[in-house]
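As structure tokens, the structure follows; a few thoughts come after it.
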Amino acid sequence: MTPETPDTEELVALLARMELIRSFEERAGVAYGLRKIGGFCHLYSGQEAVAVGSISTLDPARDYVFTGYRDHGHALACGMDPRAVMAELYGKVTGASRGKGGSMHLFAPERGMFGGNGIVGAQIPIATGAALAQAYRKDGGITLCFFGDGAFHQGALHESLNLARVWSLPIVYIVENNQWGMGTHWKRVSAEEDFTATTAAYGMPGEACDGMDLLEVRATVGRAVERARSELMPCLVEARTYRYKGHSMSDPQKYRAREEIDEYRRRDPIELLKEKLKEEGRLTEERWTAIAAEAERLVEEAVAFAEESAEPSRVVLYEDVLAPRDVSARTGAEAQRWRS
Amino acid sequence: MAIMTIREALGRALDEEMARDERVLLMGEEVGEYDGAYKVSKGLLAKYGPERVRDTPIAELGFTGLGVGAAIAGLRPIVEWMTHNFALLALDQVVNEAAKMRYMSGGSLSVPIVFRGPSGPAEQLAAQHSQSFASYWAHVPGLKVVAPGTAADAYGLLKSAIRDDDPVVFLESELMYGWKGEVPEEEYLAPIGKAELRRKGRDLTVVAYSRALTVALDAAGQLAARGIEAEVIDLRTLRPLDEAAIYESVARTNRCVVVDESWPVASVGSHLAWLVSRACFDRLDAPVELVSLEDVPMPYNRALEIAAQPTADKIVAAALRALYLEDGASAEVARKE
């Protein structure tokens, strides 16, 4: 697979994946409004090209993906079952984390998806450690580590960039600069407006790309992935993108103008790729209609599955704290037994 | 039995487990070229090479997080903190990441990692370098917390910790590295979650761990000279607690003194005292006593530093309070009550 020259079928599949994510997020937003989904719910709408384009360059059999709390898109881009993801948002026992993780904690290690993390930037050293395991085993695997512009200023990133270079780890850091860290514009809190400039201090390459353009994301990340795999050279990619929705579902978005959102919607990543494929005669309107309908069907199926699934039983509360053989060792159990 | 220092016992455990399992690697500040800030990892770089014994920059958050990630991805890393005092910089990676990954993923992730290093009171290092965070770690579900009080346990518990499938925080008493003790010649795996009876006695139960165990045994000797027989239990593991061993002892002695080198508020010691008070309510003849670090930052001055810590004298005094013998009455009187 050459990232620079994807064939038509592959591109149509990536377009369909982006559409699936968009439909999923729209539906998750509705379910949140109906209080079917609780807690924090951070939607990925607008940023689809970053996760889908980047993850399409990976070898799922040996590569890993780590991301932050805005993780539905990455989970679906890794090929996680939309039913397991929606059921997890609903907190059902059939969810990917048995209803104990929720929106921010989606995992599918068998697909290389290692979460999903609720602490801004905490996944960065963890992902770097996963790349250490890959380098140590010499298994040819690489790690993609996604985070937002808000996480860029965490010490965890800078400690990780340093270690990744000192130890020559096969990792690509992707900062999804969606421009808003909750309600703070990124330029207000960043001494440097070019995130890729930072990489010079760590002796590694940094590249920026248009995060609304799947082909550009794919080409840029693809080069970085290849370099990480063959030369054990880490890299940082800044994907300039935009978050259509609020920081989370509870965000009234008083800090930004409607016009700004509209401007980016005119450069929508799905529309961009769809129109390009149509212009080039590689996609018909009929086929697009079918793609959109299939995405809708998968999402409705996921919602139905989540609705119909059972709540976790009380037993589940005490499971997965420690490795299975140690479940009975939890604090308090012994006192209960001894008193009764 | 071989006689060796606790430093050597820990080093032997690291060496044997690295030889046994290629997934085990050691990372931390000064663990390699310098042979360890406290020489626990002495000789390991020469034997296993820089891929497996990794000197890190002074970046606790970063390298602790790398350890967590490597564990998630299938290795069995040992992260050495030069001392637990610096682990607070990495607290998020231990508490929010390592401890919760299995739970948040519904059991699909496993984090087999050991976080280890010197802990507890040191000598004249002042408040930032001389303290116990045992209670911080013990507070967190998803962690196991191990604190050996003998050379054999330093060896046997560290081996078990490295083989454990859950994250283990391993507390080594900074003052005990040079202490010598008996260690089995043959391979020995001490069970995590099991306390050990270190001295039999019928008059009261003293519960201690780590270096405080030795202080407690010293106090038990002083009490014996007064005709009081103290039973001494070594916790060895702070999470999960071997509650049954403690309750079984207190059920026989009816009195309990808890000794803990950490601060008294919301601590391992105060939790234990509550557990015993609750589970053994009908058996207790006196309130549970707690001898902890005084509720102050550790002072530099040597006399003040000693005054801040649990001492044999303080344990004896607590035992006498529990026996209602503060006025100097004999042990026989207490037994008749």
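Identifiers in the structure tokens: chain A, B, ... in order shown; residue index from 1 per chain; ligand index from 1 in order shown.
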Enumerate as a PyMOL selection string the residues belonging to chain A that approach chain B to within 9 Å, with only C-alpha atoms taken into account. chain A and resi 64+95-102+105-109+114-115+117-119+122-134+136-137+155-160+162-163+316+319-324+329-332+334-336+338-339
Would you give me, as CSV, each residue of range 136-255 of chain B having an atom within 9 Å of an atom of range 300-322 of chain B, along with its shortest atom pair and that distance in Å to one decimal, using only C-alpha atoms and sorting by chain and residue number?
```
residue,atom,partner,partner_atom,distance
B:Leu204,CA,B:Ala319,CA,7.4
B:Thr205,CA,B:Ala319,CA,8.9
B:Val206,CA,B:Ala319,CA,8.3
B:Ala212,CA,B:Pro310,CA,7.3
B:Val215,CA,B:Ala312,CA,5.5
B:Ala216,CA,B:Ala312,CA,6.3
B:Leu217,CA,B:Ala312,CA,8.3
B:Asp218,CA,B:Ala312,CA,6.1
B:Ala219,CA,B:Ala312,CA,4.5
B:Ala220,CA,B:Val316,CA,7.6
B:Gln222,CA,B:Val316,CA,7.4
B:Leu223,CA,B:Val316,CA,6.5
B:Ala230,CA,B:Ala319,CA,8.5
B:Arg255,CA,B:Ala322,CA,6.3
```
Would you save the residues from that selection as an mmCIF file, in the first residue's frame, using C-alpha atoms?
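Okay, this is what ended up in result-v7.cif:
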```
data_model
loop_
_atom_site.group_PDB
_atom_site.id
_atom_site.type_symbol
_atom_site.label_atom_id
_atom_site.label_comp_id
_atom_site.auth_asym_id
_atom_site.auth_seq_id
_atom_site.Cartn_x
_atom_site.Cartn_y
_atom_site.Cartn_z
ATOM 1 C CA LEU B 204 -1.448 -7.646 72.632
ATOM 2 C CA THR B 205 -1.008 -7.522 68.873
ATOM 3 C CA VAL B 206 1.425 -5.075 67.304
ATOM 4 C CA ALA B 212 8.812 -0.136 61.590
ATOM 5 C CA VAL B 215 11.210 -1.055 65.747
ATOM 6 C CA ALA B 216 8.123 -3.031 66.789
ATOM 7 C CA LEU B 217 10.200 -6.156 67.482
ATOM 8 C CA ASP B 218 12.557 -4.028 69.546
ATOM 9 C CA ALA B 219 9.584 -2.713 71.522
ATOM 10 C CA ALA B 220 8.283 -6.277 71.973
ATOM 11 C CA GLN B 222 11.362 -4.292 75.966
ATOM 12 C CA LEU B 223 7.813 -5.299 76.836
ATOM 13 C CA ALA B 230 3.431 -8.818 72.454
ATOM 14 C CA ARG B 255 -5.591 -5.433 72.180
#
```
What's around Gly11 in chain B at 10 Å? Count only C-alpha atoms, leave out sequence neighbours fewer than 5 positions away in its own chain, and write the answer as a VMD selection string. chain B and resid 5 to 6 16 to 17 39 to 44 154 to 155 158
Can you write just those residues out, N, CA and C atoms, as an mmCIF file, in the first residue's frame?
```
data_model
loop_
_atom_site.group_PDB
_atom_site.id
_atom_site.type_symbol
_atom_site.label_atom_id
_atom_site.label_comp_id
_atom_site.auth_asym_id
_atom_site.auth_seq_id
_atom_site.Cartn_x
_atom_site.Cartn_y
_atom_site.Cartn_z
ATOM 1 N N THR B 5 22.869 -8.272 52.407
ATOM 2 C CA THR B 5 22.176 -7.005 52.685
ATOM 3 C C THR B 5 20.864 -6.977 51.902
ATOM 4 N N ILE B 6 19.971 -6.115 52.345
ATOM 5 C CA ILE B 6 18.702 -5.969 51.627
ATOM 6 C C ILE B 6 18.965 -5.440 50.218
ATOM 7 N N GLU B 16 17.718 -12.338 38.843
ATOM 8 C CA GLU B 16 17.071 -13.627 38.532
ATOM 9 C C GLU B 16 15.871 -13.452 37.619
ATOM 10 N N GLU B 17 15.080 -12.404 37.872
ATOM 11 C CA GLU B 17 13.874 -12.227 37.054
ATOM 12 C C GLU B 17 14.220 -11.732 35.651
ATOM 13 N N LYS B 39 22.705 1.576 44.447
ATOM 14 C CA LYS B 39 23.448 0.364 44.064
ATOM 15 C C LYS B 39 22.606 -0.909 44.070
ATOM 16 N N VAL B 40 21.304 -0.758 44.017
ATOM 17 C CA VAL B 40 20.461 -1.963 43.943
ATOM 18 C C VAL B 40 20.661 -2.655 42.593
ATOM 19 N N SER B 41 20.849 -1.867 41.531
ATOM 20 C CA SER B 41 20.966 -2.451 40.187
ATOM 21 C C SER B 41 22.425 -2.710 39.796
ATOM 22 N N LYS B 42 23.292 -2.769 40.772
ATOM 23 C CA LYS B 42 24.726 -2.947 40.503
ATOM 24 C C LYS B 42 24.995 -4.170 39.617
ATOM 25 N N GLY B 43 25.724 -3.949 38.539
ATOM 26 C CA GLY B 43 26.134 -5.058 37.666
ATOM 27 C C GLY B 43 25.120 -5.438 36.604
ATOM 28 N N LEU B 44 23.919 -4.906 36.673
ATOM 29 C CA LEU B 44 22.878 -5.350 35.733
ATOM 30 C C LEU B 44 23.110 -4.821 34.321
ATOM 31 N N ALA B 154 12.398 -8.883 50.964
ATOM 32 C CA ALA B 154 12.843 -7.950 49.922
ATOM 33 C C ALA B 154 13.103 -8.746 48.649
ATOM 34 N N TYR B 155 13.753 -9.890 48.812
ATOM 35 C CA TYR B 155 14.051 -10.773 47.679
ATOM 36 C C TYR B 155 12.776 -11.438 47.144
ATOM 37 N N LEU B 158 9.900 -9.010 45.838
ATOM 38 C CA LEU B 158 10.203 -8.318 44.580
ATOM 39 C C LEU B 158 10.054 -9.279 43.403
#
```
Could you name the residues that touch His72 in chain A at 9 Å or less, counting only C-alpha atoms, but leaving out those on the same chain fewer than 6 positions away, as a list in words? Ile21, Phe24, Glu25, His42, Leu43, Tyr44, Val85, Ser103, Met104, Leu106 and Gly116 of chain A
With N, CA and C atoms retained, export the selected residues as an mmCIF file, in the first residue's frame.
```cif
data_model
loop_
_atom_site.group_PDB
_atom_site.id
_atom_site.type_symbol
_atom_site.label_atom_id
_atom_site.label_comp_id
_atom_site.auth_asym_id
_atom_site.auth_seq_id
_atom_site.Cartn_x
_atom_site.Cartn_y
_atom_site.Cartn_z
ATOM 1 N N ILE A 21 -18.310 7.904 10.746
ATOM 2 C CA ILE A 21 -17.966 8.646 11.966
ATOM 3 C C ILE A 21 -18.890 9.857 12.128
ATOM 4 N N PHE A 24 -22.287 8.698 13.103
ATOM 5 C CA PHE A 24 -22.228 8.184 14.472
ATOM 6 C C PHE A 24 -22.261 9.340 15.469
ATOM 7 N N GLU A 25 -21.457 10.363 15.214
ATOM 8 C CA GLU A 25 -21.372 11.492 16.137
ATOM 9 C C GLU A 25 -22.674 12.284 16.181
ATOM 10 N N HIS A 42 -17.446 14.053 23.938
ATOM 11 C CA HIS A 42 -16.714 14.961 23.049
ATOM 12 C C HIS A 42 -16.814 14.444 21.627
ATOM 13 N N LEU A 43 -17.461 15.219 20.769
ATOM 14 C CA LEU A 43 -17.704 14.744 19.404
ATOM 15 C C LEU A 43 -16.549 15.123 18.472
ATOM 16 N N TYR A 44 -16.343 14.278 17.477
ATOM 17 C CA TYR A 44 -15.186 14.382 16.586
ATOM 18 C C TYR A 44 -15.543 15.056 15.255
ATOM 19 N N VAL A 85 -19.139 0.384 20.421
ATOM 20 C CA VAL A 85 -18.807 1.763 20.804
ATOM 21 C C VAL A 85 -20.064 2.465 21.326
ATOM 22 N N SER A 103 -17.526 7.156 27.108
ATOM 23 C CA SER A 103 -17.095 7.843 25.887
ATOM 24 C C SER A 103 -15.581 8.026 25.768
ATOM 25 N N MET A 104 -14.918 8.301 26.871
ATOM 26 C CA MET A 104 -13.489 8.664 26.814
ATOM 27 C C MET A 104 -12.552 7.462 26.868
ATOM 28 N N LEU A 106 -12.343 4.087 25.155
ATOM 29 C CA LEU A 106 -12.655 3.047 24.181
ATOM 30 C C LEU A 106 -11.371 2.290 23.849
ATOM 31 N N GLY A 116 -8.133 6.440 23.850
ATOM 32 C CA GLY A 116 -9.112 6.706 24.857
ATOM 33 C C GLY A 116 -8.453 7.070 26.201
#
```
For CA of Gly117 in chain B and CA of Tyr188 in chain B, quote the distance in Å rounded to one decimal. 20.9 Å
Counting only C-alpha atoms, the residue among A:Glu279, A:Glu88, A:Asp7, A:Glu216 that lies closest to Gly38 in chain A is A:Glu88
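Rounded to one decimal, CA of Ala251 in chain B and CA of Leu284 in chain B lie 7.7 Å from each other.
Minimum atom-to-atom distance to His153 in chain A, evaluated using only C-alpha atoms, belongs to A:Val189 out of A:Val12, A:Val189, A:Val166, A:Met233.
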May I have the residues within 9 Å of Ala134 in chain B as a PyMOL selection string, using only C-alpha atoms and disregarding those fewer than 5 positions away in the same chain? chain B and resi 119-120+139+145+147+169+171+238+261-262+267-268
Next, the residues of the selection above should be written as a PDB file, in the first residue's frame with N, CA and C atoms.
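Result went into selection-v3.pdb, see below:
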```
ATOM      1  N   SER B 119      12.009   4.481  50.076  1.00  0.00           N
ATOM      2  CA  SER B 119      10.852   5.187  50.627  1.00  0.00           C
ATOM      3  C   SER B 119      11.012   5.304  52.134  1.00  0.00           C
ATOM      4  N   GLY B 120      10.214   6.150  52.726  1.00  0.00           N
ATOM      5  CA  GLY B 120      10.170   6.247  54.178  1.00  0.00           C
ATOM      6  C   GLY B 120      11.230   7.173  54.738  1.00  0.00           C
ATOM      7  N   HIS B 139      -4.189   3.920  48.958  1.00  0.00           N
ATOM      8  CA  HIS B 139      -5.523   4.489  48.764  1.00  0.00           C
ATOM      9  C   HIS B 139      -6.160   4.041  47.449  1.00  0.00           C
ATOM     10  N   VAL B 145       0.349  -2.880  46.765  1.00  0.00           N
ATOM     11  CA  VAL B 145       1.376  -2.112  47.452  1.00  0.00           C
ATOM     12  C   VAL B 145       2.114  -3.033  48.406  1.00  0.00           C
ATOM     13  N   ALA B 147       5.560  -3.780  50.914  1.00  0.00           N
ATOM     14  CA  ALA B 147       6.570  -3.106  51.735  1.00  0.00           C
ATOM     15  C   ALA B 147       7.297  -4.130  52.605  1.00  0.00           C
ATOM     16  N   VAL B 169       3.297  -1.238  43.448  1.00  0.00           N
ATOM     17  CA  VAL B 169       4.180  -0.209  43.999  1.00  0.00           C
ATOM     18  C   VAL B 169       4.983  -0.877  45.110  1.00  0.00           C
ATOM     19  N   LEU B 171       7.798  -0.611  48.002  1.00  0.00           N
ATOM     20  CA  LEU B 171       8.440   0.362  48.893  1.00  0.00           C
ATOM     21  C   LEU B 171       9.641  -0.265  49.582  1.00  0.00           C
ATOM     22  N   LEU B 238       0.516  -3.910  51.788  1.00  0.00           N
ATOM     23  CA  LEU B 238      -0.440  -2.923  52.300  1.00  0.00           C
ATOM     24  C   LEU B 238      -1.735  -2.935  51.503  1.00  0.00           C
ATOM     25  N   GLU B 261       4.990   4.293  59.591  1.00  0.00           N
ATOM     26  CA  GLU B 261       5.951   5.389  59.405  1.00  0.00           C
ATOM     27  C   GLU B 261       5.389   6.535  58.567  1.00  0.00           C
ATOM     28  N   SER B 262       4.114   6.422  58.170  1.00  0.00           N
ATOM     29  CA  SER B 262       3.545   7.550  57.427  1.00  0.00           C
ATOM     30  C   SER B 262       2.704   8.420  58.358  1.00  0.00           C
ATOM     31  N   SER B 267      -4.529   7.413  56.728  1.00  0.00           N
ATOM     32  CA  SER B 267      -3.314   6.652  56.433  1.00  0.00           C
ATOM     33  C   SER B 267      -3.543   5.148  56.480  1.00  0.00           C
ATOM     34  N   VAL B 268      -2.525   4.398  56.084  1.00  0.00           N
ATOM     35  CA  VAL B 268      -2.546   2.948  56.234  1.00  0.00           C
ATOM     36  C   VAL B 268      -2.845   2.611  57.694  1.00  0.00           C
TER      37      VAL B 268
END
```
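Straight-line separation from CA of Arg227 in chain A to CA of Ala61 in chain A: 18.4 Å.
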Could you pull out the residues in range 131-330 of chain B that DSSP calls alpha helix (DSSP H) from the backbone, as a short mmCIF file (atom, residue, chain, number, x, y, z; two decimals) with C-alpha atoms, in the first residue's frame?
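Written out: selection.cif:
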```
data_model
loop_
_atom_site.label_atom_id
_atom_site.label_comp_id
_atom_site.auth_asym_id
_atom_site.auth_seq_id
_atom_site.Cartn_x
_atom_site.Cartn_y
_atom_site.Cartn_z
CA ALA B 134 2.66 4.40 51.54
CA SER B 135 -0.78 5.76 52.33
CA TYR B 136 -1.03 7.57 48.98
CA TRP B 137 -0.48 4.32 47.10
CA ALA B 138 -2.57 2.20 49.44
CA ALA B 151 15.90 -9.31 53.58
CA ALA B 152 14.16 -12.56 52.63
CA ASP B 153 10.97 -10.66 51.82
CA ALA B 154 12.84 -7.95 49.92
CA TYR B 155 14.05 -10.77 47.68
CA GLY B 156 10.94 -12.95 47.59
CA LEU B 157 8.36 -10.17 47.33
CA LEU B 158 10.20 -8.32 44.58
CA LYS B 159 10.29 -11.50 42.52
CA SER B 160 6.55 -11.97 43.05
CA ALA B 161 5.90 -8.33 42.20
CA ILE B 162 7.76 -8.65 38.88
CA ARG B 163 5.71 -11.74 37.98
CA ARG B 211 11.41 -0.65 58.85
CA ALA B 212 8.81 -0.14 61.59
CA LEU B 213 8.71 -3.93 61.92
CA THR B 214 12.19 -3.89 63.42
CA VAL B 215 11.21 -1.06 65.75
CA ALA B 216 8.12 -3.03 66.79
CA LEU B 217 10.20 -6.16 67.48
CA ASP B 218 12.56 -4.03 69.55
CA ALA B 219 9.58 -2.71 71.52
CA ALA B 220 8.28 -6.28 71.97
CA GLY B 221 11.65 -7.17 73.50
CA GLN B 222 11.36 -4.29 75.97
CA LEU B 223 7.81 -5.30 76.84
CA ALA B 224 8.94 -8.90 77.41
CA ALA B 225 11.39 -7.62 79.99
CA GLU B 243 -7.05 -8.70 57.24
CA ALA B 244 -7.71 -12.26 58.42
CA ALA B 245 -4.23 -12.59 59.93
CA ILE B 246 -4.73 -9.42 61.95
CA TYR B 247 -8.25 -10.22 63.15
CA GLU B 248 -7.22 -13.75 64.11
CA SER B 249 -4.43 -12.37 66.28
CA VAL B 250 -6.49 -9.59 67.86
CA ALA B 251 -9.24 -12.11 68.62
CA ARG B 252 -6.69 -13.89 70.85
CA THR B 253 -4.94 -10.87 72.38
CA VAL B 268 -2.55 2.95 56.23
CA GLY B 269 -2.32 3.00 60.03
CA SER B 270 -5.58 4.85 60.66
CA HIS B 271 -7.36 2.62 58.15
CA LEU B 272 -6.03 -0.50 59.89
CA ALA B 273 -7.08 0.85 63.26
CA TRP B 274 -10.59 1.43 61.90
CA LEU B 275 -10.75 -2.05 60.34
CA VAL B 276 -9.71 -3.69 63.61
CA SER B 277 -12.09 -1.53 65.65
CA ARG B 278 -14.94 -2.56 63.41
CA ALA B 279 -14.21 -6.23 62.81
CA ARG B 302 18.65 14.80 64.22
CA ALA B 303 16.95 14.86 67.61
CA LEU B 304 13.76 16.37 66.18
CA GLU B 305 13.85 13.86 63.32
CA ILE B 306 13.91 10.95 65.76
CA ALA B 307 11.21 12.58 67.84
CA ALA B 308 9.00 12.71 64.75
CA ALA B 312 10.35 1.59 70.48
CA ASP B 313 9.61 3.85 73.45
CA LYS B 314 6.49 5.21 71.77
CA ILE B 315 5.33 1.68 70.93
CA VAL B 316 5.93 0.53 74.50
CA ALA B 317 3.95 3.48 75.81
CA ALA B 318 1.09 2.72 73.41
CA ALA B 319 1.14 -0.94 74.47
CA LEU B 320 0.95 0.08 78.14
CA ARG B 321 -2.00 2.35 77.34
CA ALA B 322 -3.75 -0.52 75.58
#
```
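Minimum distance to Glu174 in chain B across B:Leu189, B:Ala37, B:Met4, B:Ile113 (counting only C-alpha atoms) occurs at B:Ala37.
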